[in-house]
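Structure record follows, encoded as structure tokens.
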Amino acid sequence: MASRRSKHLLPGFGLTLGVSMLYLTIIIVLPLLAMLLKVGGMGWPEFWRIVASNRSLAAYRITFSSALAATVFNGFFGLLLAWVLTRYSFPGKRLLDALVDLPFALPTAVAGLVLVTLFAQTGWYGQFLEPNGFKVNYTQLGIIMAMSFTSIPFVVRTVQPVLEDVEAGYEEAAKTLGATGWQVFARVIWPTILPAFMTGCVLSFARSLGEFGAVVFIAGNLPGFTEIVSLLIFIRLDEFNYEGAAALAFVLLLAAFLTLLATNALQSWQVRYADRST
């Protein structure tokens, strides 16, 4: 009897589900529905004129290419950081682990100002980079750096718990059979963490697509060169052009949705493949 009551510490299923659905409706569904209704009332010619303009196409190119580059960067260094945090003990490990979450807690505008200061011509990094031909501020490279800074925790925090749960017995068995360290990683560890790694990379990519605060300060916001879609949406809102802002936001929403859909399909395939191989 006690065990049955312990399963229902919160009120009944109907009430908890109702509250959850109400929250999702108010915070997520209604804003998305309002945007879709605004887009649906535009008509195809007007919608296409907005989303296919030269300025919009340039913003897509800059945003998506920068987000992809940031995701590749985060995928490599995020996996490396998660590996270090789970496999080694060293002084300052807890501090490093806490710093991973700093981009979540730090306002993105503050992050942008910090990056601009660091990569300025007289900044800690810029004083060495710019004399060697690496200009970061007000270039696409600065956009990539800002996106990488704000989205790398997604990779680390999705891969880290899975790495911690990998059983050491499997690795020891592979080494006993003569596998090298790289073979153990490729045949034992990598298939286990791959779904989590893919999820972290997709979340990082989606976060980068919507980044605004950190990018605005470091990009320079030159149309056709360093203007991202989020900034263009803000400009359209500032002009009271709600239809234009909604159309551009719809493109980002569709890209994020398709990315998540493709990732879920890949993860399902990975699970089926793992089940067949066992």
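Residue numbering restarts at 1 in every chain; chains get A, B, ... in the order shown in the structure tokens, and ligands count up from 1 in that same order.
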
Neighbours of segment 77-93 of chain A within 12 Å (only C-alpha atoms; same-chain residues fewer than 2 positions away dropped), as number ranges by chain? A: 70-75, 95-100, 148-149, 151-166, 168, 185, 189-190, 193-194, 196-198, 200-201, 204

Identify, on the basis of only C-alpha atoms, every residue whose closest approach to segment 246-263 of chain A does not exceed 10 Å; exclude the query and any residue fewer than 5 positions from it along the same chain; express the result as a ChimeraX atom specification. /A:32,34-40,42,46-52,56,59-60,63-64,195,198-199,201-203,205-207,209-210,229-230,232-233,236-237,241,268-269

Segment 157-212 of chain A: residues DSSP assigns to alpha helix (DSSP H), reported as a PyMOL selection string: chain A and resi 157-165+168-176+181-184+190-209

With only C-alpha atoms as the atoms that count, which of A:Val136, A:Ile143, A:Ala186, A:Ala245 lies nearest to Leu118 of chain A? A:Val136

Name the closest residue to Leu115 of chain A among the candidates A:Thr226, A:Pro103, A:Gly14, A:Ala146; distances are taken between atoms, counting only C-alpha atoms.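 Between A:Thr226, A:Pro103, A:Gly14, A:Ala146, the residue approaching Leu115 of chain A most closely is A:Ala146.
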
Looking at only C-alpha atoms, which of A:Thr139, A:Gly43, A:Leu24, A:Ser208 is the one that sits closest to Gly224 of chain A?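 Ranked by minimum distance to Gly224 of chain A, first place goes to A:Thr139.
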
For the atom pair atom CA of Ile144 of chain A and atom CA of Asn54 of chain A, what is the interatomic distance in Å to one decimal place? 21.9 Å

Minimum-distance residue to Ser66 of chain A, chosen among A:Leu141, A:Ala174, A:Val188, A:Ile235 (using only C-alpha atoms):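 Ranking A:Leu141, A:Ala174, A:Val188, A:Ile235 by distance to Ser66 of chain A, first place goes to A:Leu141.
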
Nearest to Glu211 of chain A: which of A:Ala179, A:Leu22, A:Ala67, A:Ile62 is it, counting only C-alpha atoms? A:Ala67
